Structure formats: C-alpha cells, structure tokens
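See below for final.txt, which holds compact mmCIF, C-alpha atoms.
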```txt
# COMPACT_ATOMS: atom_id res chain seq x y z
CA MET A 210 5.94 32.18 -5.88
CA ILE A 211 7.90 33.50 -8.83
CA PHE A 212 8.32 31.34 -11.93
CA THR A 213 10.38 32.11 -15.02
CA ILE A 214 8.48 31.10 -18.14
CA LYS A 215 9.71 31.99 -21.62
CA GLU A 216 12.37 34.23 -20.04
CA LYS A 217 9.74 36.32 -18.22
CA LYS A 218 9.12 36.31 -14.48
CA TYR A 219 5.60 35.56 -13.22
CA ASN A 220 4.84 36.42 -9.60
CA PHE A 221 1.79 34.29 -8.84
CA SER A 222 1.34 36.00 -5.48
CA GLU A 223 0.95 39.40 -7.12
CA ARG A 224 -2.34 38.93 -9.01
CA THR A 225 -4.56 36.35 -10.66
CA PHE A 226 -3.39 35.06 -14.03
CA VAL A 227 -5.71 33.91 -16.80
CA MET A 228 -5.12 30.91 -19.06
CA GLY A 229 -7.17 30.88 -22.25
CA VAL A 230 -8.40 27.56 -23.62
CA VAL A 231 -7.93 26.68 -27.29
CA ASN A 232 -9.53 23.34 -28.17
CA VAL A 233 -8.22 22.06 -31.52
CA THR A 234 -10.83 19.31 -31.42
CA PRO A 235 -14.13 18.39 -33.06
CA ASP A 236 -15.70 17.12 -29.84
CA SER A 237 -14.76 19.14 -26.74
CA PHE A 238 -17.69 19.69 -24.39
CA CYS A 239 -17.73 23.50 -24.61
CA ASP A 240 -16.62 24.57 -28.08
CA GLY A 241 -15.77 21.39 -29.94
CA GLY A 242 -15.43 21.98 -33.66
CA LYS A 243 -15.29 25.78 -33.58
CA TYR A 244 -11.51 25.89 -33.69
CA PHE A 245 -10.70 22.50 -35.21
CA LYS A 246 -9.15 24.05 -38.32
CA LYS A 247 -5.64 25.42 -37.80
CA GLU A 248 -6.48 28.91 -39.03
CA ASP A 249 -9.52 29.11 -36.75
CA ALA A 250 -7.53 27.91 -33.73
CA ILE A 251 -4.78 30.47 -34.35
CA SER A 252 -7.24 33.30 -34.91
CA HIS A 253 -9.08 32.39 -31.70
CA ALA A 254 -5.84 32.15 -29.72
CA LEU A 255 -4.73 35.60 -30.87
CA GLN A 256 -8.14 36.99 -29.93
CA LEU A 257 -7.74 35.55 -26.43
CA VAL A 258 -4.35 37.27 -26.18
CA LYS A 259 -6.01 40.59 -27.13
CA GLU A 260 -8.61 39.98 -24.44
CA GLY A 261 -5.89 39.67 -21.80
CA ALA A 262 -4.90 36.01 -21.56
CA ASP A 263 -1.57 35.49 -19.80
CA PHE A 264 -1.18 31.93 -21.10
CA LEU A 265 -2.67 29.83 -23.89
CA ASP A 266 -3.55 26.17 -23.34
CA ILE A 267 -3.63 24.23 -26.61
CA GLY A 268 -5.33 20.84 -26.56
CA GLY A 269 -5.86 18.31 -29.33
CA GLU A 270 -7.77 15.57 -27.53
CA SER A 271 -11.10 16.10 -25.82
CA THR A 272 -11.52 14.70 -22.31
CA ARG A 273 -15.29 15.16 -22.38
CA PRO A 274 -16.62 12.53 -19.94
CA LYS A 275 -19.18 9.85 -20.50
CA SER A 276 -22.26 11.23 -18.73
CA VAL A 277 -25.92 12.09 -19.06
CA SER A 278 -24.94 15.59 -20.24
CA TYR A 279 -22.31 14.57 -22.79
CA GLY A 280 -23.45 11.12 -23.92
CA GLU A 281 -20.74 8.54 -24.61
CA GLY A 282 -17.95 11.02 -24.04
CA ALA A 283 -14.91 11.81 -26.12
CA THR A 284 -13.20 9.27 -28.34
CA GLU A 285 -9.54 8.56 -27.60
CA ILE A 286 -7.30 9.51 -30.51
CA SER A 287 -3.95 8.27 -31.71
CA PHE A 288 -0.59 9.86 -30.97
CA ASP A 289 -0.22 10.89 -34.63
CA GLU A 290 -3.69 12.41 -34.79
CA GLU A 291 -3.08 14.48 -31.66
CA LEU A 292 0.24 15.70 -33.06
CA ASN A 293 -1.35 16.61 -36.39
CA ARG A 294 -3.88 18.76 -34.56
CA VAL A 295 -1.68 20.68 -32.13
CA ILE A 296 1.86 20.96 -33.55
CA PRO A 297 1.04 23.20 -36.54
CA VAL A 298 -0.96 25.50 -34.25
CA ILE A 299 1.78 25.79 -31.62
CA GLU A 300 4.49 26.15 -34.24
CA GLU A 301 2.76 29.13 -35.84
CA LEU A 302 1.50 30.73 -32.64
CA GLN A 303 4.88 30.89 -30.98
CA ASN A 304 6.00 33.17 -33.82
CA LEU A 305 2.92 35.38 -33.49
CA THR A 306 2.77 36.02 -29.73
CA GLU A 307 5.06 36.31 -26.72
CA ILE A 308 2.43 34.65 -24.50
CA PRO A 309 3.67 31.32 -23.09
CA ILE A 310 1.98 28.33 -24.70
CA SER A 311 0.86 25.28 -22.75
CA ILE A 312 0.26 21.88 -24.33
CA ASP A 313 -2.71 20.12 -22.80
CA THR A 314 -1.80 16.42 -23.03
CA TYR A 315 -1.15 13.37 -20.87
CA LYS A 316 1.15 11.76 -23.47
CA SER A 317 4.88 12.39 -23.06
CA LYS A 318 5.56 11.98 -26.79
CA VAL A 319 3.04 14.70 -27.64
CA ALA A 320 4.46 16.90 -24.90
CA GLU A 321 7.98 16.49 -26.23
CA GLU A 322 7.07 17.40 -29.80
CA ALA A 323 5.13 20.43 -28.54
CA LEU A 324 8.07 21.55 -26.40
CA LYS A 325 10.37 21.21 -29.39
CA VAL A 326 8.32 23.71 -31.41
CA GLY A 327 7.80 26.34 -28.73
CA ALA A 328 5.50 25.25 -25.91
CA THR A 329 6.92 26.02 -22.47
CA ILE A 330 4.24 24.53 -20.21
CA VAL A 331 2.79 21.00 -20.09
CA ASN A 332 -0.70 20.62 -18.64
CA ASP A 333 -1.10 16.95 -17.65
CA ILE A 334 -4.64 16.08 -16.56
CA SER A 335 -3.37 12.84 -15.05
CA GLY A 336 -0.81 14.38 -12.71
CA PHE A 337 1.91 12.09 -14.14
CA THR A 338 -0.15 8.90 -13.59
CA PHE A 339 -1.04 7.99 -17.20
CA ASP A 340 2.50 8.27 -18.61
CA SER A 341 5.46 7.78 -16.27
CA GLU A 342 7.82 9.42 -18.79
CA MET A 343 6.06 12.76 -18.56
CA PRO A 344 8.06 14.39 -15.72
CA LYS A 345 11.32 13.28 -17.33
CA ILE A 346 10.36 14.93 -20.63
CA ILE A 347 9.24 18.16 -18.97
CA SER A 348 12.50 18.30 -17.03
CA LYS A 349 14.53 17.62 -20.18
CA TYR A 350 13.17 20.81 -21.76
CA ASN A 351 13.26 22.81 -18.52
CA ALA A 352 9.53 23.45 -18.88
CA THR A 353 6.80 24.20 -16.35
CA ALA A 354 4.39 21.44 -15.33
CA ILE A 355 0.72 21.62 -14.42
CA VAL A 356 -0.37 18.52 -12.53
CA MET A 357 -4.08 17.88 -12.18
CA HIS A 358 -6.02 15.41 -10.08
CA ILE A 359 -8.25 12.88 -11.80
CA GLN A 360 -10.11 9.86 -10.48
CA GLY A 361 -10.36 7.18 -13.15
CA THR A 362 -10.00 8.03 -16.84
CA PRO A 363 -11.93 10.47 -19.04
CA LYS A 364 -14.13 7.55 -20.13
CA THR A 365 -14.93 6.36 -16.60
CA MET A 366 -14.38 9.33 -14.28
CA GLN A 367 -17.98 10.52 -14.05
CA MET A 368 -19.65 7.11 -13.75
CA ASN A 369 -19.56 6.93 -9.98
CA PRO A 370 -16.94 9.20 -8.38
CA ASN A 371 -16.43 8.28 -4.74
CA TYR A 372 -14.28 9.63 -1.90
CA GLU A 373 -14.14 9.25 1.85
CA ASN A 374 -12.72 12.79 2.03
CA VAL A 375 -12.37 14.52 -1.32
CA VAL A 376 -10.11 17.33 -0.07
CA SER A 377 -7.58 15.11 1.69
CA GLU A 378 -7.53 12.55 -1.14
CA VAL A 379 -6.99 15.17 -3.84
CA TYR A 380 -4.33 16.79 -1.64
CA SER A 381 -2.47 13.47 -1.26
CA PHE A 382 -2.65 12.80 -5.00
CA LEU A 383 -1.22 16.22 -5.85
CA GLU A 384 1.45 15.86 -3.17
CA SER A 385 2.51 12.59 -4.83
CA SER A 386 2.56 14.26 -8.27
CA ILE A 387 4.79 17.04 -6.92
CA GLU A 388 7.17 14.46 -5.44
CA LYS A 389 7.39 12.65 -8.81
CA GLY A 390 8.19 15.91 -10.53
CA LYS A 391 10.84 16.90 -8.01
CA HIS A 392 12.43 13.47 -8.36
CA PHE A 393 13.16 14.38 -11.99
CA GLY A 394 14.35 17.87 -11.08
CA LEU A 395 11.21 19.84 -11.86
CA GLU A 396 11.28 23.16 -10.06
CA GLN A 397 8.19 24.86 -11.48
CA ILE A 398 5.02 22.89 -10.75
CA ILE A 399 1.46 24.24 -10.76
CA ILE A 400 -1.31 22.20 -9.14
CA ASP A 401 -4.95 21.80 -10.23
CA PRO A 402 -7.59 19.99 -8.11
CA GLY A 403 -9.34 18.83 -11.27
CA ILE A 404 -12.87 20.20 -11.06
CA GLY A 405 -15.16 17.85 -12.98
CA PHE A 406 -12.57 15.12 -13.41
CA GLY A 407 -13.98 12.29 -11.34
CA LYS A 408 -16.09 14.46 -9.03
CA ASN A 409 -19.80 14.93 -8.44
CA LEU A 410 -21.50 18.23 -7.64
CA ILE A 411 -20.71 18.17 -3.92
CA HIS A 412 -17.09 17.13 -4.53
CA ASN A 413 -16.58 20.10 -6.87
CA LEU A 414 -18.20 22.61 -4.54
CA THR A 415 -16.26 21.24 -1.56
CA LEU A 416 -12.93 21.57 -3.36
CA ILE A 417 -13.62 25.19 -4.34
CA GLN A 418 -14.67 25.93 -0.77
CA ASN A 419 -11.42 24.44 0.58
CA LEU A 420 -8.84 25.69 -1.91
CA THR A 421 -6.88 27.45 0.83
CA LYS A 422 -5.90 24.03 2.23
CA PHE A 423 -3.86 23.36 -0.92
CA LYS A 424 -1.67 26.39 -0.23
CA THR A 425 0.52 24.26 2.07
CA LEU A 426 1.74 22.35 -1.02
CA ASN A 427 3.67 25.54 -1.85
CA CYS A 428 2.77 25.54 -5.54
CA PRO A 429 0.66 28.00 -7.55
CA ILE A 430 -2.93 26.77 -7.77
CA MET A 431 -4.80 26.65 -11.06
CA ILE A 432 -8.49 25.92 -11.32
CA GLY A 433 -10.71 25.17 -14.29
CA THR A 434 -14.41 25.67 -13.62
CA SER A 435 -15.24 27.23 -16.97
CA ASN A 436 -18.74 26.27 -18.19
CA LYS A 437 -18.53 22.85 -16.51
CA SER A 438 -21.44 20.57 -15.73
CA PHE A 439 -21.55 21.32 -11.99
CA ILE A 440 -22.51 24.90 -12.92
CA GLY A 441 -25.20 23.52 -15.20
CA GLN A 442 -26.48 21.34 -12.36
CA VAL A 443 -26.79 24.24 -9.93
CA LEU A 444 -28.38 26.60 -12.46
CA ASN A 445 -30.17 24.05 -14.64
CA ALA A 446 -28.37 25.78 -17.50
CA LYS A 447 -27.06 24.68 -20.90
CA ILE A 448 -23.37 25.13 -21.70
CA GLU A 449 -23.92 28.43 -23.50
CA GLU A 450 -25.83 29.74 -20.44
CA ARG A 451 -23.08 29.17 -17.86
CA LYS A 452 -21.00 32.34 -18.23
CA PHE A 453 -22.30 34.05 -15.08
CA GLY A 454 -22.05 30.82 -13.11
CA THR A 455 -18.46 30.51 -14.29
CA ALA A 456 -17.80 34.09 -13.19
CA ALA A 457 -19.13 33.34 -9.71
CA SER A 458 -16.99 30.21 -9.39
CA VAL A 459 -13.91 32.10 -10.62
CA ALA A 460 -14.48 34.91 -8.11
CA VAL A 461 -14.85 32.54 -5.16
CA SER A 462 -11.86 30.49 -6.30
CA ILE A 463 -9.69 33.60 -6.34
CA VAL A 464 -10.86 34.64 -2.88
CA ASN A 465 -10.03 31.13 -1.67
CA GLY A 466 -6.50 31.20 -3.02
CA THR A 467 -6.28 30.21 -6.68
CA ASN A 468 -3.52 31.89 -8.67
CA ILE A 469 -4.50 30.95 -12.22
CA VAL A 470 -7.94 30.49 -13.76
CA ARG A 471 -8.28 28.40 -16.90
CA VAL A 472 -11.22 29.72 -18.91
CA HIS A 473 -12.93 29.85 -22.28
CA ASN A 474 -14.39 33.37 -21.95
CA VAL A 475 -11.18 35.31 -21.38
CA ASN A 476 -12.48 38.87 -21.75
CA GLU A 477 -15.14 38.43 -19.07
CA MET A 478 -12.98 36.43 -16.67
CA VAL A 479 -10.10 38.92 -16.90
CA GLN A 480 -12.58 41.55 -15.69
CA VAL A 481 -13.77 39.30 -12.86
CA SER A 482 -10.18 38.57 -11.83
CA LYS A 483 -9.18 42.25 -11.82
CA ILE A 484 -12.13 43.24 -9.63
CA VAL A 485 -11.58 40.44 -7.13
CA ASP A 486 -7.85 41.18 -7.00
CA ALA A 487 -8.59 44.87 -6.38
CA ILE A 488 -10.95 44.03 -3.52
CA LEU A 489 -8.43 41.65 -1.94
CA ILE A 490 -5.62 44.19 -2.19
CA ALA A 491 -7.81 46.91 -0.67
CA LYS A 492 -8.64 44.56 2.20
CA GLU A 493 -4.93 43.99 2.87
CA LYS A 494 -4.27 47.73 3.05
```
Let me see the file written as structure tokens.
Amino acid sequence: MIFTIKEKKYNFSERTFVMGVVNVTPDSFCDGGKYFKKEDAISHALQLVKEGADFLDIGGESTRPKSVSYGEGATEISFDEELNRVIPVIEELQNLTEIPISIDTYKSKVAEEALKVGATIVNDISGFTFDSEMPKIISKYNATAIVMHIQGTPKTMQMNPNYENVVSEVYSFLESSIEKGKHFGLEQIIIDPGIGFGKNLIHNLTLIQNLTKFKTLNCPIMIGTSNKSFIGQVLNAKIEERKFGTAASVAVSIVNGTNIVRVHNVNEMVQVSKIVDAILIAKEK
C-alpha cells in the first residue's frame, strides 16, 4: 500500500505512521482550549513534528460526545466559525513544515477551503454520510481521504450504541464509504473503525481485537484510541492518566494490523510504534 501525499511516497506496509492531533477548539475532550489560539496551535503542531509525527490532523470542531464523562458534549459550530479556526493555522503551517496536513471535518465546504490553502488529507468522521459532496471535493483536489465509522451523530452516538455484530457492521459501513469514494475517482482512501464513536466498552475492545479482519478492504487502517473514555473505564483513570493505557492500545492495534495511529502524545507513541514495528520485523525474519 503505497500512497503519494504531498509529492512523497508513503509505504504503509513498511512501518507504522503517526498522526499528531491539533485541536483548534475550546472544548475538545482531551486538550480543549490549550491550542485554541492560532499561535499556540502552530507552536504545538511544530512540536509534534519535532517529536516524530508523520502527519498533522487539524480540527476546528470538537466531537466530544454527550456522556457521563463529558457532560452535554460539544456544541456544533457554524461553517464560518470552523473556517476561522482552522484556515489560518493550516495556511501558516504549510509554509513551516513539509509534513502533510489533514483537515478533520465532515463539512465539504470546510474541506475545500482547507485543501485550497495546503491541506492534502481530509479526515471525515462520518465516512461520507453527513455531507454527500465530500468525496467529490476530495477528488477535485486529488487529496487523500480518511473515512471513519460512526453510529449516530456526535450528540447522540454514546447514548445507547447497539450492534448485532459490531465488526461486520463497521466493516460494511466502511466498505460502503470506500465504494462512494471510488465512484468519484478517489484512489487513496484510509479507513478508521471509529473507536469511541457510537461504541461502548466491549464494542471498542472487540474492534481492536479484530482489526486484521479489515485488511481485506485493501486500504491502510488508521485507529484513534488516544486517551479515550474506554481506557478510562478499564483503568478508572482521568484523561490525564490514560497515557499508558493509550500506549497499550496502540501496541495491540499495531500488532493486529493498523498502519497509522492518531494520537495526542506523539513522542511517547512514536517510541511505542518503533518498538512494536521492530518486534514484528524480527518475527518475520
């Protein structure tokens, strides 16, 4: 699986790649508010690059769910507000680093403006289900798509997630997203099972345990377990106490076939990824 992103080739079968999260929001579940100002977001992004991030994922709208842990959840923001948050950051960053920039949005208009100023990846949490124009826009700019599975919306997804078979249902959803993308000529699609997006504890653990089954979709797999509530449930730990739990979930995800890990703590997770990769390569030899 070799993709060309920003004129550089990425062989996703060669090693694990790390995507660093930059939340330009006041209310994200993990670090909301820390990087809300443009200068703070840019400084943080450049620090993540120094720590070894292969990609940067810039998001301007929190998808923090309504739950016991997070209260009422994130507030939906307008198109203009989202643009005002992310475009200045992307515009400046693309002149400061060669690292490919991803725009984390489910709105095609936001994606298009981000692609115009230098983003080369679109990370759509809805897998093309919230905005039917999204695959067309990504194709127009010859960008790479990340399609994620979600059940419900950020406001409703954690109220009562229910599946007959979580692995097969997520697989079918992602298969449909891939077909939509290919219909519009998309050739570079990354899939994400959507840990924490309409899943309970057992759903999340089951998906991580069965990641190898998603290999037959023939797309690189990305997973985002970083500091999420399922780790807090297992460890009875607050968000700031979930780093080691995240490391464990990242390690197992890599063993089970993930190609990209989307994380907040880049320095630590780059180390985890390198060790797991080294062990897997030694096993092959």
Mind giving me the straight-line distance from CA of Pro370 in chain A to CA of Leu383 in chain A in Å, one decimal?
->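 According to the coordinates, CA of Pro370 in chain A and CA of Leu383 in chain A are separated by 17.4 Å.
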Looking at A:Gly327, A:Gly407, A:Gly394, A:Gly261, which one is nearest to Gly361 in chain A, with distances taken over only C-alpha atoms?
->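 Distance minimum relative to Gly361 in chain A lands on A:Gly407.
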Excluding range 446-451 of chain A and any residue of its chain fewer than 3 positions from it, enumerate the residues within 7 Å of it, using only C-alpha atoms, and give them as an NGL selection string.
-> :A and (239 or 436 or 440-441 or 454-455)
Rank A:Ile484, A:Val331, A:Met228, A:Leu255 by their smallest atom-to-atom distance to Glu301 in chain A, using all atoms listed in the file, and report the top residue only.
-> A:Leu255
How far is it from CA of Leu324 in chain A to CA of Pro309 in chain A, in Å with one decimal?
->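 Going from CA of Leu324 in chain A over to CA of Pro309 in chain A, I get 11.2 Å.
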Any idea what the distance is between CA of Ser458 in chain A and CA of Ile417 in chain A?
->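 Between CA of Ser458 in chain A and CA of Ile417 in chain A the gap is 7.9 Å.
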List the neighbours of Thr421 in chain A out to 12 Å using all atoms listed in the file; skip same-chain residues closer than 4 positions along the sequence, and give me the result as a list in words.
->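 Once the adjacent positions are removed, what remains is Val376, Tyr380, Pro402, Thr415, Leu416, Ile417, Thr425, Leu426, Asn427, Cys428, Pro429, Ile430, Val461, Ser462, Ile463, Val464, Asn465, Gly466, Thr467 and Asn468 of chain A.
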Mind listing as a ChimeraX atom specification all residues within 8 Å of (-6.9, 9.6, -26.2), counting all atoms listed in the file?
-> /A:270-272,284-288
For the structure just given, write the atoms of range 444-482 of chain A, namely N, CA and C atoms, as a PDB file, in the first residue's frame.
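part19.pdb, written as the output of this step:
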```
ATOM      1  N   LEU A 444      -9.352   1.421  33.304  1.00  0.00           N
ATOM      2  CA  LEU A 444      -8.369   1.779  34.333  1.00  0.00           C
ATOM      3  C   LEU A 444      -8.945   2.615  35.467  1.00  0.00           C
ATOM      4  N   ASN A 445     -10.197   3.059  35.308  1.00  0.00           N
ATOM      5  CA  ASN A 445     -10.776   4.015  36.253  1.00  0.00           C
ATOM      6  C   ASN A 445      -9.851   5.230  36.368  1.00  0.00           C
ATOM      7  N   ALA A 446      -9.484   5.759  35.194  1.00  0.00           N
ATOM      8  CA  ALA A 446      -8.484   6.820  35.136  1.00  0.00           C
ATOM      9  C   ALA A 446      -9.036   8.075  34.474  1.00  0.00           C
ATOM     10  N   LYS A 447      -8.611   9.233  34.959  1.00  0.00           N
ATOM     11  CA  LYS A 447      -8.955  10.511  34.349  1.00  0.00           C
ATOM     12  C   LYS A 447      -8.190  10.663  33.037  1.00  0.00           C
ATOM     13  N   ILE A 448      -8.602  11.628  32.225  1.00  0.00           N
ATOM     14  CA  ILE A 448      -7.996  11.817  30.905  1.00  0.00           C
ATOM     15  C   ILE A 448      -6.481  11.955  30.987  1.00  0.00           C
ATOM     16  N   GLU A 449      -6.013  12.735  31.940  1.00  0.00           N
ATOM     17  CA  GLU A 449      -4.568  12.978  32.045  1.00  0.00           C
ATOM     18  C   GLU A 449      -3.808  11.756  32.572  1.00  0.00           C
ATOM     19  N   GLU A 450      -4.531  10.709  32.973  1.00  0.00           N
ATOM     20  CA  GLU A 450      -3.901   9.490  33.497  1.00  0.00           C
ATOM     21  C   GLU A 450      -3.982   8.310  32.519  1.00  0.00           C
ATOM     22  N   ARG A 451      -4.259   8.581  31.257  1.00  0.00           N
ATOM     23  CA  ARG A 451      -4.516   7.498  30.304  1.00  0.00           C
ATOM     24  C   ARG A 451      -3.383   7.252  29.312  1.00  0.00           C
ATOM     25  N   LYS A 452      -2.206   7.818  29.556  1.00  0.00           N
ATOM     26  CA  LYS A 452      -1.113   7.702  28.598  1.00  0.00           C
ATOM     27  C   LYS A 452      -0.636   6.255  28.441  1.00  0.00           C
ATOM     28  N   PHE A 453      -0.473   5.551  29.557  1.00  0.00           N
ATOM     29  CA  PHE A 453      -0.006   4.166  29.468  1.00  0.00           C
ATOM     30  C   PHE A 453      -1.084   3.252  28.884  1.00  0.00           C
ATOM     31  N   GLY A 454      -2.339   3.541  29.200  1.00  0.00           N
ATOM     32  CA  GLY A 454      -3.432   2.783  28.598  1.00  0.00           C
ATOM     33  C   GLY A 454      -3.488   3.002  27.099  1.00  0.00           C
ATOM     34  N   THR A 455      -3.250   4.247  26.695  1.00  0.00           N
ATOM     35  CA  THR A 455      -3.176   4.550  25.261  1.00  0.00           C
ATOM     36  C   THR A 455      -2.034   3.773  24.612  1.00  0.00           C
ATOM     37  N   ALA A 456      -0.887   3.745  25.268  1.00  0.00           N
ATOM     38  CA  ALA A 456       0.272   3.036  24.728  1.00  0.00           C
ATOM     39  C   ALA A 456      -0.032   1.559  24.517  1.00  0.00           C
ATOM     40  N   ALA A 457      -0.733   0.956  25.482  1.00  0.00           N
ATOM     41  CA  ALA A 457      -1.092  -0.462  25.360  1.00  0.00           C
ATOM     42  C   ALA A 457      -2.031  -0.683  24.179  1.00  0.00           C
ATOM     43  N   SER A 458      -3.016   0.200  24.029  1.00  0.00           N
ATOM     44  CA  SER A 458      -3.980   0.051  22.933  1.00  0.00           C
ATOM     45  C   SER A 458      -3.314   0.282  21.584  1.00  0.00           C
ATOM     46  N   VAL A 459      -2.361   1.202  21.530  1.00  0.00           N
ATOM     47  CA  VAL A 459      -1.615   1.458  20.298  1.00  0.00           C
ATOM     48  C   VAL A 459      -0.779   0.233  19.924  1.00  0.00           C
ATOM     49  N   ALA A 460      -0.100  -0.336  20.910  1.00  0.00           N
ATOM     50  CA  ALA A 460       0.746  -1.510  20.651  1.00  0.00           C
ATOM     51  C   ALA A 460      -0.069  -2.678  20.108  1.00  0.00           C
ATOM     52  N   VAL A 461      -1.196  -2.970  20.750  1.00  0.00           N
ATOM     53  CA  VAL A 461      -2.029  -4.087  20.305  1.00  0.00           C
ATOM     54  C   VAL A 461      -2.630  -3.798  18.928  1.00  0.00           C
ATOM     55  N   SER A 462      -3.008  -2.564  18.695  1.00  0.00           N
ATOM     56  CA  SER A 462      -3.564  -2.186  17.391  1.00  0.00           C
ATOM     57  C   SER A 462      -2.548  -2.400  16.270  1.00  0.00           C
ATOM     58  N   ILE A 463      -1.300  -2.068  16.539  1.00  0.00           N
ATOM     59  CA  ILE A 463      -0.259  -2.270  15.530  1.00  0.00           C
ATOM     60  C   ILE A 463      -0.051  -3.759  15.267  1.00  0.00           C
ATOM     61  N   VAL A 464       0.009  -4.535  16.319  1.00  0.00           N
ATOM     62  CA  VAL A 464       0.159  -5.991  16.166  1.00  0.00           C
ATOM     63  C   VAL A 464      -0.997  -6.560  15.341  1.00  0.00           C
ATOM     64  N   ASN A 465      -2.183  -5.993  15.532  1.00  0.00           N
ATOM     65  CA  ASN A 465      -3.370  -6.502  14.842  1.00  0.00           C
ATOM     66  C   ASN A 465      -3.598  -5.880  13.467  1.00  0.00           C
ATOM     67  N   GLY A 466      -2.666  -5.038  13.012  1.00  0.00           N
ATOM     68  CA  GLY A 466      -2.728  -4.627  11.619  1.00  0.00           C
ATOM     69  C   GLY A 466      -2.911  -3.167  11.294  1.00  0.00           C
ATOM     70  N   THR A 467      -3.000  -2.286  12.302  1.00  0.00           N
ATOM     71  CA  THR A 467      -3.175  -0.874  11.962  1.00  0.00           C
ATOM     72  C   THR A 467      -1.897  -0.311  11.338  1.00  0.00           C
ATOM     73  N   ASN A 468      -2.071   0.636  10.449  1.00  0.00           N
ATOM     74  CA  ASN A 468      -0.945   1.245   9.740  1.00  0.00           C
ATOM     75  C   ASN A 468      -0.632   2.650  10.215  1.00  0.00           C
ATOM     76  N   ILE A 469      -1.636   3.320  10.777  1.00  0.00           N
ATOM     77  CA  ILE A 469      -1.487   4.701  11.244  1.00  0.00           C
ATOM     78  C   ILE A 469      -2.154   4.816  12.607  1.00  0.00           C
ATOM     79  N   VAL A 470      -1.484   5.458  13.545  1.00  0.00           N
ATOM     80  CA  VAL A 470      -2.107   5.717  14.846  1.00  0.00           C
ATOM     81  C   VAL A 470      -2.257   7.227  15.004  1.00  0.00           C
ATOM     82  N   ARG A 471      -3.462   7.627  15.367  1.00  0.00           N
ATOM     83  CA  ARG A 471      -3.771   9.048  15.547  1.00  0.00           C
ATOM     84  C   ARG A 471      -3.727   9.333  17.043  1.00  0.00           C
ATOM     85  N   VAL A 472      -2.783  10.185  17.470  1.00  0.00           N
ATOM     86  CA  VAL A 472      -2.523  10.331  18.899  1.00  0.00           C
ATOM     87  C   VAL A 472      -2.281  11.782  19.304  1.00  0.00           C
ATOM     88  N   HIS A 473      -2.448  12.025  20.607  1.00  0.00           N
ATOM     89  CA  HIS A 473      -2.127  13.329  21.174  1.00  0.00           C
ATOM     90  C   HIS A 473      -0.671  13.372  21.649  1.00  0.00           C
ATOM     91  N   ASN A 474      -0.213  12.298  22.284  1.00  0.00           N
ATOM     92  CA  ASN A 474       1.134  12.229  22.851  1.00  0.00           C
ATOM     93  C   ASN A 474       2.086  11.597  21.839  1.00  0.00           C
ATOM     94  N   VAL A 475       2.552  12.408  20.903  1.00  0.00           N
ATOM     95  CA  VAL A 475       3.318  11.894  19.768  1.00  0.00           C
ATOM     96  C   VAL A 475       4.652  11.290  20.198  1.00  0.00           C
ATOM     97  N   ASN A 476       5.409  11.978  21.025  1.00  0.00           N
ATOM     98  CA  ASN A 476       6.731  11.495  21.409  1.00  0.00           C
ATOM     99  C   ASN A 476       6.659  10.071  21.965  1.00  0.00           C
ATOM    100  N   GLU A 477       5.756   9.835  22.877  1.00  0.00           N
ATOM    101  CA  GLU A 477       5.642   8.527  23.514  1.00  0.00           C
ATOM    102  C   GLU A 477       5.146   7.460  22.539  1.00  0.00           C
ATOM    103  N   MET A 478       4.173   7.834  21.696  1.00  0.00           N
ATOM    104  CA  MET A 478       3.584   6.836  20.803  1.00  0.00           C
ATOM    105  C   MET A 478       4.473   6.526  19.599  1.00  0.00           C
ATOM    106  N   VAL A 479       5.364   7.451  19.241  1.00  0.00           N
ATOM    107  CA  VAL A 479       6.383   7.144  18.231  1.00  0.00           C
ATOM    108  C   VAL A 479       7.311   6.060  18.781  1.00  0.00           C
ATOM    109  N   GLN A 480       7.675   6.177  20.056  1.00  0.00           N
ATOM    110  CA  GLN A 480       8.529   5.165  20.679  1.00  0.00           C
ATOM    111  C   GLN A 480       7.829   3.809  20.723  1.00  0.00           C
ATOM    112  N   VAL A 481       6.566   3.802  21.123  1.00  0.00           N
ATOM    113  CA  VAL A 481       5.797   2.556  21.162  1.00  0.00           C
ATOM    114  C   VAL A 481       5.754   1.925  19.777  1.00  0.00           C
ATOM    115  N   SER A 482       5.459   2.736  18.766  1.00  0.00           N
ATOM    116  CA  SER A 482       5.338   2.238  17.393  1.00  0.00           C
ATOM    117  C   SER A 482       6.652   1.639  16.900  1.00  0.00           C
TER     118      SER A 482
END
```
